[in-house]
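Peer 1: Structure file coords-v1.csv, CSV, C-alpha atoms, is pasted below:
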```csv
chain,number,residue,atom,x,y,z
A,301,MET,CA,-13.3,0.8,-45.9
A,302,THR,CA,-12.9,4.6,-46.2
A,303,LYS,CA,-14.8,7.7,-46.9
A,304,SER,CA,-13.8,10.4,-49.3
A,305,LEU,CA,-10.7,12.0,-47.8
A,306,PRO,CA,-8.5,14.9,-48.7
A,307,ASP,CA,-5.0,14.2,-50.0
A,308,THR,CA,-3.3,16.5,-47.5
A,309,MET,CA,-3.8,17.9,-44.0
A,310,ARG,CA,-2.4,20.5,-41.7
A,311,GLN,CA,-0.2,19.5,-38.7
A,312,ILE,CA,2.0,21.1,-36.1
A,313,ARG,CA,5.8,20.5,-36.2
A,314,PHE,CA,8.6,21.6,-33.9
A,315,THR,CA,11.3,23.1,-36.1
A,316,GLY,CA,13.9,22.4,-33.3
A,317,ALA,CA,14.2,22.4,-29.5
A,318,GLY,CA,13.2,25.6,-27.9
A,319,GLY,CA,10.4,27.9,-26.8
A,320,PRO,CA,7.0,28.3,-28.4
A,321,GLU,CA,8.6,30.1,-31.3
A,322,VAL,CA,9.7,26.7,-32.8
A,323,ILE,CA,6.1,25.7,-33.3
A,324,ALA,CA,5.2,25.7,-37.1
A,325,VAL,CA,2.2,24.7,-39.2
A,326,GLU,CA,2.9,22.5,-42.3
A,327,THR,CA,0.8,20.7,-44.9
A,328,VAL,CA,1.6,17.0,-45.5
A,329,PRO,CA,-0.1,13.9,-46.9
A,330,LEU,CA,-2.5,12.0,-44.7
A,331,PRO,CA,-1.1,9.2,-42.7
A,332,LYS,CA,-2.5,5.7,-43.3
A,333,PRO,CA,-3.7,3.2,-40.7
A,334,ALA,CA,-1.9,-0.1,-40.5
A,335,ALA,CA,-3.4,-3.3,-39.3
A,336,GLY,CA,-5.1,-2.9,-36.0
A,337,GLN,CA,-5.2,0.9,-36.3
A,338,VAL,CA,-7.8,3.5,-37.3
A,339,LEU,CA,-7.5,6.9,-38.9
A,340,VAL,CA,-9.3,9.6,-37.0
A,341,GLU,CA,-10.5,12.9,-38.4
A,342,VAL,CA,-9.4,15.1,-35.5
A,343,VAL,CA,-11.9,17.6,-34.1
A,344,ALA,CA,-9.8,18.5,-31.1
A,345,ALA,CA,-6.5,17.5,-29.4
A,346,GLY,CA,-5.3,17.9,-25.9
A,347,VAL,CA,-2.3,20.0,-24.9
A,348,ASN,CA,-0.2,18.3,-22.2
A,349,ARG,CA,3.0,18.9,-20.2
A,350,PRO,CA,4.8,16.2,-22.1
A,351,ASP,CA,4.2,18.2,-25.3
A,352,ILE,CA,6.0,21.1,-23.7
A,353,MET,CA,8.9,18.8,-22.7
A,354,GLN,CA,9.1,17.4,-26.2
A,355,ARG,CA,9.2,20.9,-27.7
A,356,GLN,CA,12.1,21.8,-25.3
A,357,GLY,CA,14.0,18.7,-26.4
A,358,SER,CA,13.8,16.7,-23.2
A,359,TYR,CA,11.0,14.2,-24.0
A,360,PRO,CA,11.4,12.7,-27.5
A,361,PRO,CA,8.7,10.4,-28.8
A,362,PRO,CA,9.4,6.6,-28.6
A,363,LYS,CA,11.4,5.0,-31.4
A,364,GLY,CA,9.2,4.5,-34.5
A,365,ALA,CA,6.6,7.1,-33.5
A,366,THR,CA,6.0,10.3,-35.5
A,367,GLU,CA,7.7,13.4,-34.1
A,368,ILE,CA,4.4,15.3,-34.5
A,369,PRO,CA,3.3,16.2,-30.9
A,370,GLY,CA,-0.1,15.4,-29.3
A,371,LEU,CA,-1.1,12.5,-27.0
A,372,GLU,CA,-4.9,12.6,-27.1
A,373,ILE,CA,-7.5,13.3,-29.7
A,374,ALA,CA,-11.2,13.2,-30.3
A,375,GLY,CA,-13.0,13.1,-33.7
A,376,ARG,CA,-14.6,10.8,-36.2
A,377,ILE,CA,-13.3,7.5,-37.6
A,378,ALA,CA,-12.2,8.2,-41.2
A,379,ALA,CA,-10.6,4.9,-42.2
A,380,LEU,CA,-10.1,1.4,-40.8
A,381,GLY,CA,-6.9,-0.6,-40.9
A,382,GLU,CA,-6.9,-4.3,-41.7
A,383,GLY,CA,-8.6,-6.4,-39.1
A,384,VAL,CA,-10.6,-3.7,-37.3
A,385,THR,CA,-14.2,-4.9,-37.0
A,386,ASP,CA,-15.6,-3.3,-33.8
A,387,LEU,CA,-15.5,0.3,-35.1
A,388,ALA,CA,-17.0,1.9,-38.2
A,389,VAL,CA,-16.2,4.8,-40.4
A,390,GLY,CA,-18.1,7.8,-38.9
A,391,ASP,CA,-18.0,6.6,-35.3
A,392,GLU,CA,-17.3,9.5,-32.9
A,393,VAL,CA,-14.5,8.6,-30.6
A,394,CYS,CA,-11.6,9.8,-28.4
A,395,ALA,CA,-8.3,8.1,-28.3
A,396,LEU,CA,-4.9,8.0,-26.6
A,397,VAL,CA,-2.1,8.3,-29.2
A,398,ILE,CA,1.6,7.9,-28.8
A,399,SER,CA,2.2,11.0,-30.9
A,400,GLY,CA,0.6,12.8,-33.9
A,401,GLY,CA,-2.4,14.4,-32.2
A,402,TYR,CA,-1.6,18.0,-33.3
A,403,ALA,CA,-3.1,17.4,-36.8
A,404,GLU,CA,-6.3,17.3,-38.8
A,405,PHE,CA,-6.0,13.5,-39.1
A,406,ALA,CA,-4.2,11.1,-36.7
A,407,VAL,CA,-3.6,7.3,-36.5
A,408,ALA,CA,-4.7,5.5,-33.3
A,409,GLU,CA,-4.3,1.9,-32.1
A,410,VAL,CA,-7.7,0.4,-32.0
A,411,GLY,CA,-7.2,-0.8,-28.4
A,412,GLN,CA,-6.8,2.8,-27.2
A,413,VAL,CA,-9.9,4.1,-28.9
A,414,LEU,CA,-13.0,4.8,-26.7
A,415,LYS,CA,-16.5,5.8,-27.9
A,416,ARG,CA,-17.4,9.4,-27.2
A,417,PRO,CA,-19.5,9.5,-24.0
A,418,GLY,CA,-23.0,10.7,-24.7
A,419,PRO,CA,-23.0,13.8,-22.5
A,420,LEU,CA,-19.9,15.2,-24.1
A,421,SER,CA,-19.2,17.0,-27.3
A,422,LEU,CA,-16.2,15.8,-29.3
A,423,VAL,CA,-14.2,18.9,-28.2
A,424,GLU,CA,-14.9,18.1,-24.6
A,425,ALA,CA,-14.1,14.4,-25.1
A,426,ALA,CA,-10.6,15.4,-26.3
A,427,GLY,CA,-9.8,16.4,-22.7
A,428,LEU,CA,-10.3,12.8,-21.4
A,429,PRO,CA,-7.8,10.2,-22.8
A,430,GLU,CA,-4.4,11.3,-21.4
A,431,THR,CA,-5.8,12.2,-18.0
A,432,VAL,CA,-8.1,9.2,-17.5
A,433,PHE,CA,-5.6,6.7,-18.7
A,434,THR,CA,-3.0,8.2,-16.4
A,435,VAL,CA,-5.1,8.6,-13.3
A,436,TYR,CA,-6.9,5.2,-13.6
A,437,SER,CA,-3.7,3.3,-14.2
A,438,THR,CA,-1.7,5.0,-11.5
A,439,VAL,CA,-4.1,5.8,-8.7
A,440,ILE,CA,-6.6,2.9,-9.0
A,441,GLN,CA,-4.4,0.1,-10.5
A,442,ARG,CA,-0.9,0.8,-9.3
A,443,GLY,CA,-1.7,2.9,-6.2
A,444,ARG,CA,-4.5,0.4,-5.2
A,445,LEU,CA,-6.7,3.2,-3.8
A,446,GLN,CA,-9.5,1.7,-1.8
A,447,LYS,CA,-12.9,3.0,-0.7
A,448,GLY,CA,-12.6,4.8,2.6
A,449,GLU,CA,-8.9,5.6,2.2
A,450,THR,CA,-7.5,9.1,2.0
A,451,PHE,CA,-5.9,10.3,-1.2
A,452,LEU,CA,-3.7,13.4,-1.9
A,453,VAL,CA,-3.1,14.7,-5.4
A,454,HIS,CA,-0.7,17.6,-6.0
A,455,GLY,CA,-1.7,20.2,-8.5
A,456,GLY,CA,-5.4,19.7,-8.1
A,457,SER,CA,-6.3,22.4,-10.7
A,458,SER,CA,-4.3,20.8,-13.5
A,459,GLY,CA,-5.8,18.4,-16.1
A,460,ILE,CA,-4.5,15.4,-14.2
A,461,GLY,CA,-5.5,16.9,-10.9
A,462,THR,CA,-9.1,17.7,-11.8
A,463,THR,CA,-9.5,14.2,-13.2
A,464,ALA,CA,-7.8,12.6,-10.1
A,465,ILE,CA,-10.1,14.5,-7.7
A,466,GLN,CA,-13.2,13.2,-9.5
A,467,ILE,CA,-12.1,9.6,-10.0
A,468,ALA,CA,-10.9,9.2,-6.4
A,469,LYS,CA,-14.1,10.8,-5.1
A,470,GLN,CA,-16.3,8.5,-7.1
A,471,HIS,CA,-14.1,5.6,-5.9
A,472,GLY,CA,-15.2,6.4,-2.4
A,473,ALA,CA,-12.0,8.0,-1.1
A,474,ARG,CA,-11.5,11.1,1.0
A,475,VAL,CA,-9.6,13.6,-1.3
A,476,LEU,CA,-7.0,16.2,-0.4
A,477,THR,CA,-5.2,18.3,-2.9
A,478,THR,CA,-2.7,21.1,-3.2
A,479,ALA,CA,-3.0,24.2,-5.4
A,480,GLY,CA,-1.2,27.5,-5.9
A,481,SER,CA,-3.8,30.0,-5.0
A,482,ALA,CA,-6.9,30.5,-2.9
A,483,GLU,CA,-9.0,30.7,-6.1
A,484,LYS,CA,-7.7,27.3,-7.3
A,485,CYS,CA,-8.2,25.8,-3.9
A,486,ARG,CA,-11.8,26.9,-4.0
A,487,PHE,CA,-12.2,25.4,-7.4
A,488,CYS,CA,-10.8,22.1,-6.3
A,489,GLU,CA,-13.2,22.0,-3.4
A,490,GLU,CA,-16.2,22.8,-5.6
A,491,LEU,CA,-15.1,20.0,-7.9
A,492,GLY,CA,-15.2,17.5,-4.9
A,493,ALA,CA,-12.0,17.7,-2.9
A,494,ASP,CA,-12.6,17.5,0.8
A,495,ALA,CA,-9.8,19.9,1.5
A,496,ALA,CA,-7.4,22.0,-0.7
A,497,ILE,CA,-4.1,23.2,0.6
A,498,ASN,CA,-2.5,26.4,-0.8
A,499,TYR,CA,1.1,25.3,-1.0
A,500,ARG,CA,2.2,28.9,-1.4
A,501,GLU,CA,0.9,29.8,2.1
A,502,ALA,CA,1.2,26.6,4.1
A,503,ASP,CA,3.5,23.6,4.5
A,504,PHE,CA,1.4,20.8,2.9
A,505,ALA,CA,2.9,18.1,5.0
A,506,GLU,CA,1.9,19.9,8.2
A,507,GLU,CA,-1.6,20.5,6.8
A,508,VAL,CA,-1.9,16.8,5.8
A,509,LYS,CA,-0.9,15.9,9.4
A,510,ARG,CA,-3.5,18.2,10.8
A,511,LEU,CA,-6.3,17.2,8.4
A,512,THR,CA,-5.7,13.5,9.1
A,513,ASP,CA,-5.2,13.8,12.9
A,514,GLY,CA,-1.6,12.7,12.4
A,515,LYS,CA,-2.4,9.5,10.5
A,516,GLY,CA,-1.4,10.6,7.0
A,517,VAL,CA,-2.8,9.7,3.6
A,518,ASP,CA,-2.9,6.3,2.0
A,519,VAL,CA,-2.1,7.3,-1.6
A,520,ILE,CA,-0.3,10.3,-3.1
A,521,LEU,CA,-0.1,11.1,-6.8
A,522,ASP,CA,2.8,13.4,-7.4
A,523,MET,CA,4.1,15.3,-10.4
A,524,VAL,CA,6.5,17.7,-8.6
A,525,GLY,CA,9.4,15.2,-8.0
A,526,ALA,CA,12.5,15.6,-5.8
A,527,ALA,CA,11.4,18.9,-4.2
A,528,TYR,CA,8.4,17.1,-2.6
A,529,LEU,CA,9.8,13.6,-2.0
A,530,GLN,CA,10.7,13.9,1.7
A,531,LYS,CA,7.5,15.7,2.6
A,532,ASN,CA,5.5,13.2,0.6
A,533,ILE,CA,7.0,10.4,2.6
A,534,ALA,CA,6.3,12.2,5.9
A,535,SER,CA,2.6,12.6,4.7
A,536,LEU,CA,2.0,8.9,4.1
A,537,ALA,CA,0.2,6.7,6.5
A,538,VAL,CA,1.3,3.2,7.5
A,539,GLU,CA,1.3,1.1,4.3
A,540,GLY,CA,1.0,4.2,2.3
A,541,ARG,CA,1.7,4.4,-1.5
A,542,LEU,CA,3.5,7.2,-3.3
A,543,VAL,CA,3.0,7.1,-7.1
A,544,GLN,CA,5.4,9.4,-9.1
A,545,ILE,CA,4.3,10.3,-12.6
A,546,ALA,CA,6.5,13.4,-13.3
A,547,PHE,CA,9.3,15.5,-11.8
A,548,MET,CA,8.6,19.1,-12.6
A,549,GLN,CA,10.9,20.2,-9.8
A,550,GLY,CA,13.8,17.8,-10.0
A,551,TYR,CA,14.3,14.1,-10.7
A,552,LYS,CA,17.2,13.5,-8.3
A,553,ALA,CA,16.9,13.7,-4.5
A,554,GLU,CA,20.2,14.6,-3.0
A,555,SER,CA,19.2,13.5,0.5
A,556,LEU,CA,16.6,11.1,1.7
A,557,THR,CA,15.8,9.7,5.1
A,558,LEU,CA,14.9,6.0,4.6
A,559,THR,CA,13.7,5.3,8.2
A,560,PRO,CA,10.1,6.3,7.6
A,561,ILE,CA,9.9,4.1,4.5
A,562,MET,CA,10.9,1.1,6.7
A,563,LEU,CA,8.9,1.9,9.8
A,564,LYS,CA,5.7,2.8,7.9
A,565,ARG,CA,6.2,0.0,5.3
A,566,LEU,CA,5.7,2.4,2.5
A,567,THR,CA,5.6,1.7,-1.2
A,568,ILE,CA,7.2,4.2,-3.6
A,569,THR,CA,6.4,3.5,-7.3
A,570,GLY,CA,6.0,5.3,-10.5
A,571,ALA,CA,4.9,5.0,-14.1
A,572,THR,CA,5.1,6.7,-17.5
A,573,LEU,CA,2.2,6.1,-19.9
A,574,ARG,CA,3.7,7.0,-23.3
A,575,ALA,CA,6.4,4.3,-23.4
A,576,GLN,CA,4.1,1.4,-22.4
A,577,ALA,CA,3.3,-1.3,-24.9
A,578,LYS,CA,0.1,-0.9,-26.8
A,579,GLU,CA,-1.2,-4.1,-25.2
A,580,ALA,CA,-0.7,-2.5,-21.7
A,581,LYS,CA,-2.6,0.6,-22.8
A,582,ALA,CA,-5.4,-1.6,-24.3
A,583,ALA,CA,-5.7,-3.3,-20.9
A,584,ILE,CA,-6.0,0.1,-19.2
A,585,ALA,CA,-8.7,1.0,-21.8
A,586,GLU,CA,-10.7,-2.1,-20.8
A,587,GLY,CA,-10.6,-1.0,-17.2
A,588,LEU,CA,-11.8,2.4,-18.2
A,589,LYS,CA,-14.7,1.0,-20.1
A,590,ARG,CA,-15.7,-1.0,-17.1
A,591,ASP,CA,-15.1,1.4,-14.2
A,592,VAL,CA,-14.9,5.0,-15.5
A,593,TRP,CA,-16.9,5.3,-18.7
A,594,PRO,CA,-20.2,4.6,-17.0
A,595,LEU,CA,-19.5,7.4,-14.6
A,596,VAL,CA,-18.7,9.8,-17.5
A,597,GLU,CA,-21.9,8.7,-19.2
A,598,ALA,CA,-23.8,9.4,-16.0
A,599,GLY,CA,-22.3,12.9,-15.8
A,600,LYS,CA,-20.4,12.1,-12.5
A,601,ILE,CA,-17.0,12.6,-14.1
A,602,ARG,CA,-16.3,15.3,-16.7
A,603,PRO,CA,-13.3,17.0,-18.3
A,604,ILE,CA,-12.6,20.5,-17.1
A,605,ILE,CA,-11.9,22.6,-20.2
A,606,HIS,CA,-10.0,25.9,-19.5
A,607,ALA,CA,-9.4,27.1,-23.0
A,608,THR,CA,-9.5,26.1,-26.7
A,609,PHE,CA,-7.2,27.4,-29.5
A,610,PRO,CA,-7.3,26.9,-33.2
A,611,LEU,CA,-4.7,24.4,-34.4
A,612,GLU,CA,-2.6,27.2,-36.0
A,613,GLU,CA,-2.4,28.9,-32.6
A,614,ALA,CA,-0.7,26.1,-30.8
A,615,CYS,CA,2.0,28.6,-29.9
A,616,LYS,CA,-0.5,30.5,-27.7
A,617,ALA,CA,-1.7,27.2,-26.1
A,618,HIS,CA,1.8,26.4,-25.1
A,619,GLU,CA,2.4,29.8,-23.8
A,620,LEU,CA,-0.7,29.6,-21.6
A,621,MET,CA,0.3,26.1,-20.3
A,622,GLU,CA,3.7,27.4,-19.3
A,623,THR,CA,2.2,30.1,-17.1
A,624,SER,CA,0.4,27.4,-15.0
A,625,SER,CA,-2.5,29.9,-14.7
A,626,HIS,CA,-5.0,27.5,-16.3
A,627,THR,CA,-7.6,25.4,-14.5
A,628,GLY,CA,-8.1,22.1,-16.2
A,629,LYS,CA,-7.4,21.2,-19.9
A,630,ILE,CA,-6.1,23.3,-22.8
A,631,LEU,CA,-7.3,22.0,-26.2
A,632,LEU,CA,-6.5,22.7,-29.9
A,633,VAL,CA,-9.4,22.6,-32.3
A,634,THR,CA,-9.1,21.9,-36.0
A,635,GLY,CA,-12.3,23.3,-37.3
A,636,ARG,CA,-13.3,20.0,-38.9
```
Kindly return the structure encoded in the file as structure tokens.

Peer 2:
Amino acid sequence: MTKSLPDTMRQIRFTGAGGPEVIAVETVPLPKPAAGQVLVEVVAAGVNRPDIMQRQGSYPPPKGATEIPGLEIAGRIAALGEGVTDLAVGDEVCALVISGGYAEFAVAEVGQVLKRPGPLSLVEAAGLPETVFTVYSTVIQRGRLQKGETFLVHGGSSGIGTTAIQIAKQHGARVLTTAGSAEKCRFCEELGADAAINYREADFAEEVKRLTDGKGVDVILDMVGAAYLQKNIASLAVEGRLVQIAFMQGYKAESLTLTPIMLKRLTITGATLRAQAKEAKAAIAEGLKRDVWPLVEAGKIRPIIHATFPLEEACKAHELMETSSHTGKILLVTGR
């Protein structure tokens, strides 16, 4: 079943590895959904750090995926692949995609599609999938954050950070975060963080020690990498869990003291979302429907949107993300 569709669409392509200048707009035929997939008419798409890395040549899409960037979208179902029965053409949805989001139409696996939450516009909903899939699967599932525990997320003003603060707080945790300015720290606290540490002015490990009366935190979500590893270990409580999801400041730690890991019985784990099988992502989506979507529907969790840019201005969106001056999500809108 389909509705009347155009023959072509606009999409963003990287003409090579490099800076924002390699971003180009092109016109191509519409993709077609295979069995178990849907075609989404994209209203908005999220801009994420992995898109920057892909553009720079350090994060290619998985084998078999389109090279068109974009990991999350929101829009209307335009066509159904064979075997799709629980969605209909015209449904308003958001979805996690393996690639292809920077376009007017994109294909999504049906198991990674979620209905648009009632309180949100489609543009706002585009700021949800990548962050909620990531935070829920790493903090709640892999990190096993429990009610009453203390949670630390680095980069609290980022898209991941703003989502992590909200989900952890709604989960009943005490939430600490780091951010790079007094203004961003205030924003994180207004969003629900119990305390925000300006990492440019204070040693976050010392502040964590002070804020927890020397106990440390139970779960840390880290995107910084090697530069923070030893301090993260020092900041964990007995039986603490460190979940690594990126390494913006190094992937190789030249020196590491193992004693605290043994004495405090720590767990160091990590995950990437993009490379996981569609079945694994569908299982995460089921958890989101059960545990997170009701909170979004109730207005207790919301995407924080910093700026939107027209699709053809993806270059400006990437330039903004690389300044790290934003608070929350950066989105591209197609005008559809």

Peer 1: If you take only C-alpha atoms and a cut-off of 10 Å, which residues of stretch 557-592 of chain A touch stretch 376-396 of chain A, and what are their nearest atom pairs and distances in Å to one decimal, in chain and number order, as JSON lines?

Peer 2:
```
{"residue": "A:Leu573", "atom": "CA", "partner": "A:Leu396", "partner_atom": "CA", "distance": 9.9}
{"residue": "A:Arg574", "atom": "CA", "partner": "A:Leu396", "partner_atom": "CA", "distance": 9.3}
{"residue": "A:Lys581", "atom": "CA", "partner": "A:Leu396", "partner_atom": "CA", "distance": 8.6}
{"residue": "A:Ala582", "atom": "CA", "partner": "A:Leu396", "partner_atom": "CA", "distance": 9.9}
{"residue": "A:Ala585", "atom": "CA", "partner": "A:Leu396", "partner_atom": "CA", "distance": 9.3}
```

Peer 1: Identify which of the residues A:Gly550, A:Gly540, A:Gly336, A:Gly461 lies closest to A:Tyr528, counting all atoms listed in the file when measuring atom-to-atom distances.

Peer 2: A:Gly550

Peer 1: Against stretch 416-422 of chain A, which residues of stretch 510-607 of chain A fall within 7 Å? For each one I want the closest pair of atoms and the distance in Å (one decimal), counting only C-alpha atoms, rows by chain and increasing residue number, as CSV.

Peer 2:
```
residue,atom,partner,partner_atom,distance
A:Val596,CA,A:Pro417,CA,6.6
A:Glu597,CA,A:Pro417,CA,5.4
A:Gly599,CA,A:Pro419,CA,6.8
```

Peer 1: Can those selected residues be exported to a file as a JSON list (two decimals), in the frame of the given file so that it contains C-alpha atoms?

Peer 2:
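Output saved as result_6.json:
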```json
[["chain", "number", "residue", "atom", "x", "y", "z"],
["A", 596, "VAL", "CA", -18.70, 9.80, -17.50],
["A", 597, "GLU", "CA", -21.90, 8.70, -19.20],
["A", 599, "GLY", "CA", -22.30, 12.90, -15.80]]
```

Peer 1: To one decimal place in Å, what is the distance between atom CA of A:Glu341 and atom CA of A:Gly375?

Peer 2: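 Atom CA of A:Glu341 sits 5.3 Å away from atom CA of A:Gly375.
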
Peer 1: Write out as a PyMOL selection string each polymer residue whose atoms come within 10 Å of A:Val325, counting all atoms listed in the file; drop sequence neighbours fewer than 5 positions from it.

Peer 2: chain A and resi 310-315+402-403+611-614

Peer 1: Take the residues just selected and output them with C-alpha atoms as a short mmCIF file (atom, residue, chain, number, x, y, z; two decimals), keeping the file's coordinate frame.

Peer 2:
```cif
data_model
loop_
_atom_site.label_atom_id
_atom_site.label_comp_id
_atom_site.auth_asym_id
_atom_site.auth_seq_id
_atom_site.Cartn_x
_atom_site.Cartn_y
_atom_site.Cartn_z
CA ARG A 310 -2.40 20.50 -41.70
CA GLN A 311 -0.20 19.50 -38.70
CA ILE A 312 2.00 21.10 -36.10
CA ARG A 313 5.80 20.50 -36.20
CA PHE A 314 8.60 21.60 -33.90
CA THR A 315 11.30 23.10 -36.10
CA TYR A 402 -1.60 18.00 -33.30
CA ALA A 403 -3.10 17.40 -36.80
CA LEU A 611 -4.70 24.40 -34.40
CA GLU A 612 -2.60 27.20 -36.00
CA GLU A 613 -2.40 28.90 -32.60
CA ALA A 614 -0.70 26.10 -30.80
#
```

Peer 1: Please provide the set of residues having any atom within 12 Å of A:Glu507, restricted to only C-alpha atoms, with same-chain residues fewer than 6 positions apart removed, written as a VMD selection string.

Peer 2: chain A and resid 452 476 to 478 495 to 499 501 513 to 517 531 to 532 534 to 535

Peer 1: Between A:Val322, A:Ile352, A:Met562, A:Ala365, which one has atoms that come closest to A:Thr623, using only C-alpha atoms?

Peer 2: A:Ile352

Peer 1: Could you give me, as a CSV table (one decimal) with C-alpha atoms, keeping the file's coordinate frame, the residues within 10 Å of stretch 439-447 of chain A, counting only C-alpha atoms and dropping anything in the same chain fewer than 4 positions from it?

Peer 2:
```csv
chain,number,residue,atom,x,y,z
A,434,THR,CA,-3.0,8.2,-16.4
A,435,VAL,CA,-5.1,8.6,-13.3
A,451,PHE,CA,-5.9,10.3,-1.2
A,453,VAL,CA,-3.1,14.7,-5.4
A,464,ALA,CA,-7.8,12.6,-10.1
A,467,ILE,CA,-12.1,9.6,-10.0
A,468,ALA,CA,-10.9,9.2,-6.4
A,469,LYS,CA,-14.1,10.8,-5.1
A,470,GLN,CA,-16.3,8.5,-7.1
A,471,HIS,CA,-14.1,5.6,-5.9
A,472,GLY,CA,-15.2,6.4,-2.4
A,473,ALA,CA,-12.0,8.0,-1.1
A,474,ARG,CA,-11.5,11.1,1.0
A,518,ASP,CA,-2.9,6.3,2.0
A,519,VAL,CA,-2.1,7.3,-1.6
A,520,ILE,CA,-0.3,10.3,-3.1
A,521,LEU,CA,-0.1,11.1,-6.8
A,540,GLY,CA,1.0,4.2,2.3
A,541,ARG,CA,1.7,4.4,-1.5
A,542,LEU,CA,3.5,7.2,-3.3
A,543,VAL,CA,3.0,7.1,-7.1
A,567,THR,CA,5.6,1.7,-1.2
A,568,ILE,CA,7.2,4.2,-3.6
A,569,THR,CA,6.4,3.5,-7.3
A,570,GLY,CA,6.0,5.3,-10.5
A,571,ALA,CA,4.9,5.0,-14.1
A,584,ILE,CA,-6.0,0.1,-19.2
A,587,GLY,CA,-10.6,-1.0,-17.2
```

Peer 1: Would you compute the distance between atom CA of A:Ser457 and atom CA of A:Gly346? Give it in Å to one decimal.

Peer 2: 15.9 Å

Peer 1: Can you work out which one of A:Ile465, A:Leu631, A:Ile605, A:Met548 has the shortest atom-to-atom distance to A:Glu489, counting only C-alpha atoms?

Peer 2: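 Once distances to A:Glu489 are computed over only C-alpha atoms, the minimum belongs to A:Ile465.
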
Peer 1: As an exercise, work out the distance from atom CA of A:Val338 to atom CA of A:Phe433 in Å and give it to one decimal place.

Peer 2: 19.0 Å

Peer 1: Residues near A:Gly525, anyone? I mean within 10 Å using all atoms listed in the file, not counting same-chain ones fewer than 3 positions away, as a list of chain:residue names.

Peer 2: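 Final neighbour list, sorted by chain and number: A:Asp522, A:Tyr528, A:Leu529, A:Gln530, A:Asn532, A:Gln544, A:Ile545, A:Ala546, A:Phe547, A:Met548, A:Gln549, A:Gly550, A:Tyr551, A:Lys552, A:Ala553.
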
Peer 1: Restricting the calculation to only C-alpha atoms: of A:Ala577, A:Leu563, A:Ala527, A:Val432, which residue gets closest to A:Leu595?

Peer 2: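 Ranked by minimum distance to A:Leu595, first place goes to A:Val432.
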
Peer 1: Given the choices A:Ala493, A:Leu371, A:Leu414, A:Leu588, which gets closest to A:Ile398 if the distance is worked out from only C-alpha atoms?

Peer 2: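 Of the candidates, the smallest distance to A:Ile398 is held by A:Leu371.
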
Peer 1: For A:Asp494, which residue among A:Leu511, A:Met523, A:Met353, A:Met621 is the nearest when counting all atoms listed in the file?

Peer 2: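 Nearest to A:Asp494: A:Leu511.
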